[in-house]
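Working notes, structure below.
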Amino acid sequence: MFHALRVSDNEARDGASAARVGIGGPVGSGKTALIEALIPVLQRRNIDFAVVTNDLVTKEDAERLRRSGLIDPARVSAVEAGACPHTVIREDPTLNIAAGDELEARFPGLELILFESGGDNLASTFSLDLVDWWIFVIDVAGGDDIPRKRGPGLLRCDLLVVNKVDLAPHVGVDLDRMLADARQVRGTKPVIPTNLKSGVGVEAVVDAISAAVLFRV
Amino acid sequence: MLRIERVLGSRVEPALSEALHRLEHEGAVDVANVPATDLARRRLLITTRGGEELAIALPRHEKLFDGAVLLLEPDRAIVVRAATERWLRLEPRSIADAVELGYHVGNLHWRVRFGGEVLLVALEGRPEDYTARLENLISARRVGVTILDEDTADAVEAVEPPRPGGARGGHHHHHDH
């Protein structure tokens with residue numbers, strides 16, 4: 001039944017559009033830090049990209065990226081999610097879809113759009129109407145029991161990033177066990193440990209994005 | 001790697017079905033088995049039954065579906081087969097059990113269909129990850145559990161269609177995750 005949708009005014013834009021990748025996770029786990037770390041690597045690999053950030057009632061994350069000097073500020077769009085960050089990435093992603101469409105219209109050669117969710121809880125997941133593939137970011141300081149709690153975000157994401165691995169000894173976390181638990185509950189789906197402050201694991205995250213949605217290996 | 005940037009149409013469309021029928025006789029129709037949970041993706045790497053690696057990158061207004069024709073050449077074709085979805089059939093023993101079950105299932109944002117006195121939950125992961133969330137109800141035998149394939153689930157839902165005005169289950173209940 002869906003093929004009927006092909007006949008529309010979108011026909012002129014037939015052919016692949018930019019890949020869309022979601023980045024979700026709890027407050028403070030490092031979603032914006034991940035994007036800041038990804039930007040120079042994506043630039044070095046000549047991947048044409050833009051970013052959509054989601055905040056509750058401000059444009060704080062978008063402003064942080066725009067001011068970073070890492071990226072053309074015009075390539076960062078902000079969506080205000082209101083009280084429920086998961087609603088605008090899962091139940092009704094219309095605002096985010098529109099923000100992505102608008103970026104694609106302004107930057108015709110765009111290959112990749114990163115959608116950063118507002119900080120939420122372990123249950124937040126992305127609608128596949130919005131993104132093609134999505135990353136969930138947790139951090140070591142949040143506690144090594146997080147993987148065992150089997151939140152839907154952690155179970156269903158295409159890539160799990162475990163950030164702040166450098167903090168493990170300071171917060172009494174057995175990192176090896178935390179990673180083993182994460183891999184056990186996720187079956188064959190990938191887990192990448194990162195320290196975004198020092199760049200550990202960032203290349204591996206870009207490799208995973210490239211392979212999954214840009215088909216560059 | 002073969003890049004697919006659009007769906008040509010459905011295998012049942014007359015314009016395509018004749019050519020497909022001919023190729024089928026020659027054994028030249030390859031099948032891409034797509035898991036139910038991946039159907040909504042516009043971008044997907046998948047290997048066909050014949051061993052061809054496909055890099056699917058559809059425009060945002062297109063979607064994969066069962067029978068979607070991805071490639072049609074004079075000597076070969078590739079068609080999508082949607083892997084059937086599995087469902088957890090939950091049967092509460094009393095109205096009180098049903099109320100509690102409904103509360104939990106709603107709270108967990110699971111995708112459901114209604115089947116009269118049973119509730120069907122779409123399995124998008126391992127069944128044990130679902131039943132563990134209902135452990136108290138299941139171990140106390142307040143809710144019975146079985147696993148159904150798509151066809152059986154269709155039959156269960158058809159027994160008692162949801163009432164008008166009520167929440168519509170199944171394919172029309174868009175509370176995806």
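Simple scheme: letters A, B, ... for chains in structure tokens order, numbers from 1 for residues in each chain, numbers from 1 for ligands in the order shown.
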Exercise for the section: Using DSSP on the backbone, list every residue of segment 44-130 of chain B that comes out as strand (DSSP E), and give them as a PyMOL selection string. Expected result: chain B and resi 44-47+53-57+68-73+76-82+87-92+112-115+118-122
For the interface of chain B with chain A (cut-off 7 Å, counting only C-alpha atoms), please tabulate each contacting residue of chain B alongside its nearest pair of atoms and their separation in Å to one decimal, rows sorted by chain and increasing number, as a tab-separated table.
```
residue	atom	partner	partner_atom	distance
B:Glu5	CA	A:Gly15	CA	5.5
B:Arg6	CA	A:Gly15	CA	6.8
B:Gly9	CA	A:His3	CA	5.9
B:Ala40	CA	A:Leu128	CA	5.6
B:Arg41	CA	A:Asp132	CA	5.2
B:Arg42	CA	A:Asp132	CA	5.8
B:Arg43	CA	A:Asp132	CA	5.5
B:Leu44	CA	A:Val213	CA	6.8
B:Leu45	CA	A:Ala212	CA	6.7
B:Ala55	CA	A:Phe215	CA	6.6
B:Ala57	CA	A:Ala16	CA	5.5
B:Leu58	CA	A:Ala16	CA	5.3
B:Pro59	CA	A:Ala16	CA	4.9
B:Arg60	CA	A:Ser17	CA	6.9
B:His61	CA	A:Arg6	CA	6.6
B:Glu62	CA	A:Arg6	CA	6.3
B:Lys63	CA	A:Phe2	CA	6.3
B:His175	CA	A:Glu91	CA	6.1
B:Asp176	CA	A:Ser127	CA	6.5
B:His177	CA	A:Thr125	CA	5.5
```
For the residues in that selection, give me N, CA and C atoms as a PDB file, in the first residue's frame.
```pdb
ATOM      1  N   GLU B   5      17.786   2.687  -4.594  1.00  0.00           N
ATOM      2  CA  GLU B   5      17.369   4.037  -4.190  1.00  0.00           C
ATOM      3  C   GLU B   5      15.891   4.295  -4.358  1.00  0.00           C
ATOM      4  N   ARG B   6      15.148   3.282  -4.789  1.00  0.00           N
ATOM      5  CA  ARG B   6      13.687   3.443  -4.805  1.00  0.00           C
ATOM      6  C   ARG B   6      13.014   2.081  -4.892  1.00  0.00           C
ATOM      7  N   GLY B   9       7.756  -0.711  -7.177  1.00  0.00           N
ATOM      8  CA  GLY B   9       6.322  -0.935  -7.078  1.00  0.00           C
ATOM      9  C   GLY B   9       6.065  -2.230  -6.328  1.00  0.00           C
ATOM     10  N   ALA B  40      10.413  -0.353   8.655  1.00  0.00           N
ATOM     11  CA  ALA B  40      10.216   1.091   8.699  1.00  0.00           C
ATOM     12  C   ALA B  40      11.489   1.864   8.353  1.00  0.00           C
ATOM     13  N   ARG B  41      12.610   1.168   8.197  1.00  0.00           N
ATOM     14  CA  ARG B  41      13.860   1.884   7.920  1.00  0.00           C
ATOM     15  C   ARG B  41      13.950   2.301   6.460  1.00  0.00           C
ATOM     16  N   ARG B  42      14.452   3.538   6.241  1.00  0.00           N
ATOM     17  CA  ARG B  42      14.709   3.982   4.862  1.00  0.00           C
ATOM     18  C   ARG B  42      16.085   3.544   4.420  1.00  0.00           C
ATOM     19  N   ARG B  43      16.961   3.305   5.373  1.00  0.00           N
ATOM     20  CA  ARG B  43      18.317   2.860   5.041  1.00  0.00           C
ATOM     21  C   ARG B  43      18.607   1.552   5.740  1.00  0.00           C
ATOM     22  N   LEU B  44      19.115   0.621   4.968  1.00  0.00           N
ATOM     23  CA  LEU B  44      19.283  -0.720   5.507  1.00  0.00           C
ATOM     24  C   LEU B  44      20.301  -1.477   4.666  1.00  0.00           C
ATOM     25  N   LEU B  45      21.209  -2.160   5.334  1.00  0.00           N
ATOM     26  CA  LEU B  45      22.110  -3.091   4.660  1.00  0.00           C
ATOM     27  C   LEU B  45      21.533  -4.480   4.858  1.00  0.00           C
ATOM     28  N   ALA B  55      22.449  -2.252  -0.427  1.00  0.00           N
ATOM     29  CA  ALA B  55      22.514  -1.027   0.371  1.00  0.00           C
ATOM     30  C   ALA B  55      21.262  -0.241  -0.007  1.00  0.00           C
ATOM     31  N   ALA B  57      18.695   2.687   0.267  1.00  0.00           N
ATOM     32  CA  ALA B  57      18.617   4.095   0.703  1.00  0.00           C
ATOM     33  C   ALA B  57      17.435   4.730  -0.022  1.00  0.00           C
ATOM     34  N   LEU B  58      16.284   4.660   0.614  1.00  0.00           N
ATOM     35  CA  LEU B  58      15.055   5.143  -0.040  1.00  0.00           C
ATOM     36  C   LEU B  58      14.827   6.619   0.264  1.00  0.00           C
ATOM     37  N   PRO B  59      14.137   7.321  -0.646  1.00  0.00           N
ATOM     38  CA  PRO B  59      13.679   8.669  -0.309  1.00  0.00           C
ATOM     39  C   PRO B  59      12.774   8.585   0.920  1.00  0.00           C
ATOM     40  N   ARG B  60      12.672   9.680   1.649  1.00  0.00           N
ATOM     41  CA  ARG B  60      11.947   9.650   2.926  1.00  0.00           C
ATOM     42  C   ARG B  60      10.455   9.332   2.773  1.00  0.00           C
ATOM     43  N   HIS B  61       9.893   9.591   1.589  1.00  0.00           N
ATOM     44  CA  HIS B  61       8.459   9.333   1.425  1.00  0.00           C
ATOM     45  C   HIS B  61       8.187   7.908   0.948  1.00  0.00           C
ATOM     46  N   GLU B  62       9.219   7.078   0.876  1.00  0.00           N
ATOM     47  CA  GLU B  62       8.995   5.684   0.486  1.00  0.00           C
ATOM     48  C   GLU B  62       9.287   4.763   1.657  1.00  0.00           C
ATOM     49  N   LYS B  63       8.659   3.592   1.616  1.00  0.00           N
ATOM     50  CA  LYS B  63       8.889   2.594   2.654  1.00  0.00           C
ATOM     51  C   LYS B  63       8.958   1.214   2.029  1.00  0.00           C
ATOM     52  N   HIS B 175       1.957   3.515  18.143  1.00  0.00           N
ATOM     53  CA  HIS B 175       2.657   3.905  19.361  1.00  0.00           C
ATOM     54  C   HIS B 175       3.997   3.182  19.287  1.00  0.00           C
ATOM     55  N   ASP B 176       4.679   3.451  18.190  1.00  0.00           N
ATOM     56  CA  ASP B 176       5.902   2.707  17.904  1.00  0.00           C
ATOM     57  C   ASP B 176       7.042   3.168  18.783  1.00  0.00           C
ATOM     58  N   HIS B 177       8.046   2.331  18.821  1.00  0.00           N
ATOM     59  CA  HIS B 177       9.248   2.686  19.581  1.00  0.00           C
ATOM     60  C   HIS B 177      10.466   2.526  18.714  1.00  0.00           C
TER      61      HIS B 177
END
```
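Take the candidates A:Cys157, A:Ile146, A:Leu38, A:Val27 and check each one against Gly125 of chain B using only C-alpha atoms; the shortest distance goes to A:Cys157.
The nearest approach to Ile23 of chain A among the residues A:Asn163, A:Thr188, A:Ser117, A:Asn46, with only C-alpha atoms taken into account, belongs to A:Ser117.
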DSSP on the backbone, alpha helix (DSSP H) only: what residues of segment 18-173 of chain B does that give? Format it as a CSV table (one decimal) with N, CA and C atoms, in the first residue's frame.
```
chain,number,residue,atom,x,y,z
B,18,GLU,N,3.8,-9.5,-14.5
B,18,GLU,CA,4.0,-10.4,-15.6
B,18,GLU,C,5.5,-10.7,-15.8
B,19,ALA,N,6.3,-9.6,-15.7
B,19,ALA,CA,7.7,-9.8,-15.9
B,19,ALA,C,8.3,-10.7,-14.7
B,20,LEU,N,7.8,-10.5,-13.5
B,20,LEU,CA,8.2,-11.3,-12.3
B,20,LEU,C,7.8,-12.7,-12.5
B,21,HIS,N,6.6,-12.9,-13.0
B,21,HIS,CA,6.1,-14.3,-13.2
B,21,HIS,C,7.1,-15.1,-14.2
B,22,ARG,N,7.5,-14.4,-15.2
B,22,ARG,CA,8.4,-15.0,-16.2
B,22,ARG,C,9.7,-15.3,-15.5
B,23,LEU,N,10.2,-14.4,-14.8
B,23,LEU,CA,11.5,-14.6,-14.1
B,23,LEU,C,11.5,-15.7,-13.1
B,24,GLU,N,10.3,-15.7,-12.4
B,24,GLU,CA,10.2,-16.8,-11.4
B,24,GLU,C,10.3,-18.2,-12.0
B,25,HIS,N,9.8,-18.3,-13.2
B,25,HIS,CA,9.9,-19.6,-13.9
B,25,HIS,C,11.3,-19.9,-14.2
B,95,ILE,N,-11.2,-9.9,35.5
B,95,ILE,CA,-11.2,-8.4,35.1
B,95,ILE,C,-10.1,-7.7,35.9
B,96,ALA,N,-10.0,-8.0,37.2
B,96,ALA,CA,-8.9,-7.4,38.0
B,96,ALA,C,-7.6,-7.6,37.4
B,97,ASP,N,-7.3,-8.8,37.0
B,97,ASP,CA,-6.0,-9.1,36.3
B,97,ASP,C,-5.9,-8.3,35.0
B,98,ALA,N,-7.0,-8.2,34.3
B,98,ALA,CA,-6.9,-7.5,33.0
B,98,ALA,C,-6.6,-6.0,33.2
B,99,VAL,N,-7.2,-5.4,34.3
B,99,VAL,CA,-7.0,-4.0,34.6
B,99,VAL,C,-5.5,-3.8,34.9
B,100,GLU,N,-5.0,-4.7,35.7
B,100,GLU,CA,-3.5,-4.5,36.1
B,100,GLU,C,-2.6,-4.8,34.9
B,101,LEU,N,-3.0,-5.8,34.1
B,101,LEU,CA,-2.2,-6.1,32.9
B,101,LEU,C,-2.2,-4.9,31.9
B,102,GLY,N,-3.4,-4.3,31.7
B,102,GLY,CA,-3.5,-3.2,30.8
B,102,GLY,C,-2.6,-2.0,31.3
B,103,TYR,N,-2.7,-1.8,32.6
B,103,TYR,CA,-1.9,-0.7,33.2
B,103,TYR,C,-0.4,-0.9,32.9
B,104,HIS,N,0.1,-2.1,33.1
B,104,HIS,CA,1.6,-2.4,32.9
B,104,HIS,C,1.9,-2.2,31.5
B,105,VAL,N,1.1,-2.9,30.6
B,105,VAL,CA,1.5,-2.9,29.2
B,105,VAL,C,1.4,-1.5,28.6
B,106,GLY,N,0.5,-0.7,29.0
B,106,GLY,CA,0.5,0.7,28.6
B,106,GLY,C,1.7,1.5,29.1
B,107,ASN,N,2.0,1.3,30.3
B,107,ASN,CA,3.1,2.0,31.0
B,107,ASN,C,4.4,1.6,30.3
B,127,PRO,N,11.3,-12.8,23.7
B,127,PRO,CA,10.1,-12.9,24.5
B,127,PRO,C,10.4,-12.8,26.0
B,128,GLU,N,11.5,-13.3,26.5
B,128,GLU,CA,11.8,-13.3,27.9
B,128,GLU,C,12.0,-11.9,28.5
B,129,ASP,N,12.4,-11.0,27.6
B,129,ASP,CA,12.5,-9.6,28.0
B,129,ASP,C,11.1,-9.0,28.3
B,130,TYR,N,10.1,-9.5,27.6
B,130,TYR,CA,8.7,-9.1,27.9
B,130,TYR,C,8.1,-9.8,29.1
B,131,THR,N,8.2,-11.1,29.1
B,131,THR,CA,7.6,-11.8,30.2
B,131,THR,C,8.2,-11.5,31.6
B,135,GLU,N,6.4,-10.6,35.4
B,135,GLU,CA,6.7,-11.8,36.1
B,135,GLU,C,5.7,-12.1,37.3
B,136,ASN,N,5.4,-11.0,38.0
B,136,ASN,CA,4.4,-11.2,39.1
B,136,ASN,C,3.1,-11.8,38.6
B,137,LEU,N,2.6,-11.2,37.6
B,137,LEU,CA,1.3,-11.6,37.1
B,137,LEU,C,1.3,-13.0,36.5
B,138,ILE,N,2.5,-13.3,35.8
B,138,ILE,CA,2.6,-14.6,35.2
B,138,ILE,C,2.8,-15.8,36.2
B,139,SER,N,3.7,-15.5,37.2
B,139,SER,CA,4.1,-16.6,38.1
B,139,SER,C,2.9,-16.9,39.0
B,150,GLU,N,2.1,-14.4,13.0
B,150,GLU,CA,1.3,-13.3,12.5
B,150,GLU,C,-0.1,-13.8,12.1
B,151,ASP,N,-0.2,-15.0,11.4
B,151,ASP,CA,-1.5,-15.5,10.9
B,151,ASP,C,-2.4,-15.8,12.1
B,152,THR,N,-1.9,-16.4,13.1
B,152,THR,CA,-2.7,-16.8,14.2
B,152,THR,C,-3.2,-15.5,15.0
B,153,ALA,N,-2.3,-14.5,15.0
B,153,ALA,CA,-2.6,-13.3,15.7
B,153,ALA,C,-3.8,-12.6,14.9
B,154,ASP,N,-3.7,-12.6,13.6
B,154,ASP,CA,-4.8,-12.1,12.8
B,154,ASP,C,-6.1,-12.7,13.1
B,155,ALA,N,-6.1,-14.1,13.3
B,155,ALA,CA,-7.3,-14.8,13.6
B,155,ALA,C,-7.8,-14.5,14.9
B,156,VAL,N,-6.9,-14.3,15.9
B,156,VAL,CA,-7.4,-13.9,17.3
B,156,VAL,C,-8.0,-12.6,17.3
B,157,GLU,N,-7.4,-11.6,16.6
B,157,GLU,CA,-8.0,-10.3,16.5
B,157,GLU,C,-9.3,-10.3,15.9
B,158,ALA,N,-9.5,-11.1,14.9
B,158,ALA,CA,-10.7,-11.2,14.1
B,158,ALA,C,-11.9,-11.7,14.9
B,159,VAL,N,-11.6,-12.4,16.0
B,159,VAL,CA,-12.7,-13.0,16.8
B,159,VAL,C,-13.6,-12.0,17.4
```
Fill in the blank from the handout: Computed gap from atom CA of Val69 of chain B to atom CA of Pro108 of chain A is 27.7 Å
Exercise for the section: Please measure the separation of atom CA of Gly30 of chain A and atom CA of Glu63 of chain A, giving the value in Å to one decimal. Expected result: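 Atom CA of Glu63 of chain A lies 16.0 Å from atom CA of Gly30 of chain A.
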Problem - Nearby residues (only C-alpha atoms) at most 10 Å from Cys84 of chain A, same-chain spacing under 3 positions excluded, as a list in words - result: Asp55, Leu56, Glu80, Ala81, Thr87, Val88, Ile89, Gly118, Gly119 and Asp120 of chain A
Exercise for the section: Show which residues sit within 12 Å of Leu88 of chain B, as a ChimeraX atom specification. Count only C-alpha atoms, and ignore same-chain residues fewer than 2 positions away. Expected result: /B:85-86,90-91,105,110-115,118-131,134,143-150,152-153,156
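In this structure, atom CA of Leu175 of chain A sits 20.3 Å away from atom CA of Ala33 of chain A.
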Handout entry: Nearby residues (only C-alpha atoms) at most 12 Å from Ala168 of chain A, same-chain spacing under 2 positions excluded, as a VMD selection string
Key = chain A and resid 139 to 144 162 to 166 170 to 179 193 to 195
Next, write the just-selected residues to a file, as a compact mmCIF listing (two decimals), in the first residue's frame, keeping N, CA and C atoms as the atom set.
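In the end it all went to out-v4.txt:
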```
# COMPACT_ATOMS: atom_id res chain seq x y z
N ASP A 139 26.44 6.53 30.49
CA ASP A 139 27.79 6.78 30.98
C ASP A 139 28.09 5.99 32.24
N VAL A 140 29.37 5.75 32.40
CA VAL A 140 29.86 4.91 33.50
C VAL A 140 29.43 5.47 34.86
N ALA A 141 29.45 6.81 34.97
CA ALA A 141 29.13 7.42 36.26
C ALA A 141 27.65 7.27 36.61
N GLY A 142 26.83 6.90 35.65
CA GLY A 142 25.41 6.67 35.92
C GLY A 142 25.18 5.37 36.69
N GLY A 143 26.24 4.54 36.77
CA GLY A 143 26.11 3.29 37.54
C GLY A 143 26.26 2.08 36.64
N ASP A 144 26.98 1.05 37.15
CA ASP A 144 27.23 -0.12 36.30
C ASP A 144 26.03 -1.06 36.26
N VAL A 162 28.94 3.60 25.60
CA VAL A 162 29.15 3.70 27.05
C VAL A 162 30.26 4.72 27.26
N ASN A 163 29.86 5.91 27.69
CA ASN A 163 30.78 7.05 27.76
C ASN A 163 31.42 7.21 29.14
N LYS A 164 32.42 8.07 29.20
CA LYS A 164 33.14 8.41 30.44
C LYS A 164 33.83 7.19 31.05
N VAL A 165 34.42 6.34 30.21
CA VAL A 165 35.06 5.13 30.73
C VAL A 165 36.22 5.48 31.67
N ASP A 166 36.79 6.70 31.49
CA ASP A 166 37.90 7.11 32.35
C ASP A 166 37.47 7.30 33.80
N HIS A 170 36.99 6.03 39.58
CA HIS A 170 36.62 7.07 40.54
C HIS A 170 35.22 6.91 41.09
N VAL A 171 34.38 6.15 40.39
CA VAL A 171 32.99 6.00 40.85
C VAL A 171 32.70 4.56 41.24
N GLY A 172 33.77 3.76 41.39
CA GLY A 172 33.60 2.39 41.88
C GLY A 172 32.88 1.49 40.91
N VAL A 173 33.12 1.70 39.61
CA VAL A 173 32.44 0.87 38.61
C VAL A 173 33.42 -0.13 38.00
N ASP A 174 32.98 -1.38 37.92
CA ASP A 174 33.74 -2.42 37.24
C ASP A 174 33.39 -2.33 35.76
N LEU A 175 34.26 -1.61 34.99
CA LEU A 175 33.94 -1.33 33.59
C LEU A 175 33.79 -2.60 32.76
N ASP A 176 34.69 -3.57 32.97
CA ASP A 176 34.63 -4.80 32.18
C ASP A 176 33.29 -5.50 32.39
N ARG A 177 32.84 -5.50 33.63
CA ARG A 177 31.58 -6.16 33.92
C ARG A 177 30.41 -5.39 33.31
N MET A 178 30.47 -4.05 33.38
CA MET A 178 29.40 -3.23 32.81
C MET A 178 29.29 -3.47 31.31
N LEU A 179 30.45 -3.52 30.62
CA LEU A 179 30.43 -3.76 29.18
C LEU A 179 29.95 -5.17 28.86
N PRO A 193 32.69 1.51 23.90
CA PRO A 193 33.09 2.34 25.05
C PRO A 193 33.80 3.60 24.55
N THR A 194 33.50 4.75 25.16
CA THR A 194 34.14 5.99 24.74
C THR A 194 34.59 6.80 25.95
N ASN A 195 35.59 7.65 25.69
CA ASN A 195 35.90 8.76 26.59
C ASN A 195 35.93 9.98 25.68
```
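The smallest atom-to-atom distance between Phe65 of chain B and any of B:Gly116, B:Gly50, B:Pro35, B:Pro92, using only C-alpha atoms, is found for B:Pro35.
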